[in-house]
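Remarks on the structure that follows.
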Amino acid sequence: MVNIATVNYLPVETGAGAVWPDDIVRLEDGWWPTGGVVDPENDSGLMNWQALQLGQRTEWIRHQLGGIGGIAQSALDIDAISATGQAELVSAAPGNPAPGFAGALVHTEGTGGRARQLVLSDNGRVYSRLRTDTAPTWTAWRRVWDDGDAVSGAGYEILPSGRIIQFGFGTANGSWVAFPIAFPNAVLGITFGDQNGNSVANNAHHIGYRSQTAAGMYVDSFKYDGTAGPSQCSYIVIGY
């Protein structure tokens, strides 16, 4: 019976000290089936030799993939990464697409200096970029997708390009209609739909805005006979 409390374990290097044995030894006839410390020149630990090499390879892979089964390694400078793996992104790391936010980073290293990075930021957004040579020259970060709000009613979507599409409803009688969120920069275009039009003559409405800001607009409504008449309207507004 083995006394577990006295068992010794193979000395597999971990973390940044992990190593990758290029070859795995083949056990041969005539070798002594010895255990203990791996020391082939002294016929010691021959039965542990392969296990040690496989353990070293496993730990090297685990480290390169960001510590699977444990805590991921921290990336202090993602511009300088040169090996495939994943890491915990530090909020102040050079190259961080969202400074001030930590996140998770996946890096794949290709041939000829090409590499790709994908960041899942704690701000809820996903970013990607490409390195094209060994300079290294990274492309600008692109948002894979961004956040939005509401699948019905009023809401907005932020596209990877940075464009924002907002939609909602309001009363067109010269009153102020606020957008779901304020545009960070500017409004590019607005379109309206009349919700009170019906088959009654001259009851359809012409709807437009009198003035607008990044946060909302004043909306007016006139019947097609030229008289003023309030109407409920829907709108779509695009900006960035």
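So you can find residues: chains in the structure tokens are A, B, ... in the order shown, residues in each start at 1, and ligands are numbered from 1 in order.
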
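Residues in contact with Tyr218 in chain A at up to 12 Å, not including ones fewer than 4 positions away on its chain and judged by only C-alpha atoms, are Gly170, Thr171, Ala172, Asn173, Gly174, Ser175, Trp176, Val177, Ala178, Phe179, Ile207, Gly208, Tyr209, Arg210, Ser211, Gln212, Thr213 and Ala214 of chain A.
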
**Prompt:** Do you know which residues are at most 9 Å from range 78-83 of chain A counting only C-alpha atoms, after dropping those on the same chain fewer than 2 positions away, and could you put them as a VMD selection string?
**Reply:** chain A and resid 64 75 to 76 85 89 93 to 96 105 107 to 110 113 115 117 136 138

**Message:** Taking only C-alpha atoms into account, name the residue in A:Asp77, A:Asp23, A:Asp225, A:Glu88 that is nearest to Gln50 in chain A.
**Reply:**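 Among A:Asp77, A:Asp23, A:Asp225, A:Glu88, it is A:Asp23 that comes nearest to Gln50 in chain A.
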
**Request:** May I ask which of the residues A:Gly30, A:Ala140, A:His206, A:Val237 is the closest one to Gly155 in chain A, counting only C-alpha atoms?
**Result:** A:Val237

**Message:** My list of candidates is A:Leu118, A:Val12, A:Val187, A:Val37. Which is closest to Gln56 in chain A when distances are computed with only C-alpha atoms?
**Reply:**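 Comparing A:Leu118, A:Val12, A:Val187, A:Val37 against Gln56 in chain A, the winner is A:Val12.
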
**Residue nearest Gly55 in chain A - candidates A:Leu188, A:Val25, A:Ala18, A:Val90, atoms counted: only C-alpha atoms** = A:Ala18

**Request:** Choose the residue, out of A:Trp32, A:Phe101, A:Gly112, A:Glu13, that has the smallest atom-to-atom separation from Thr132 in chain A; count only C-alpha atoms.
**Result:**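 The answer is A:Gly112, which sits nearest to Thr132 in chain A.
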
**Request:** Excluding range 26-29 of chain A and any residue of its chain fewer than 4 positions from it, enumerate the residues within 10 Å of it, using only C-alpha atoms, and give them as a VMD selection string.
**Result:** chain A and resid 33 46 to 47 49 to 50
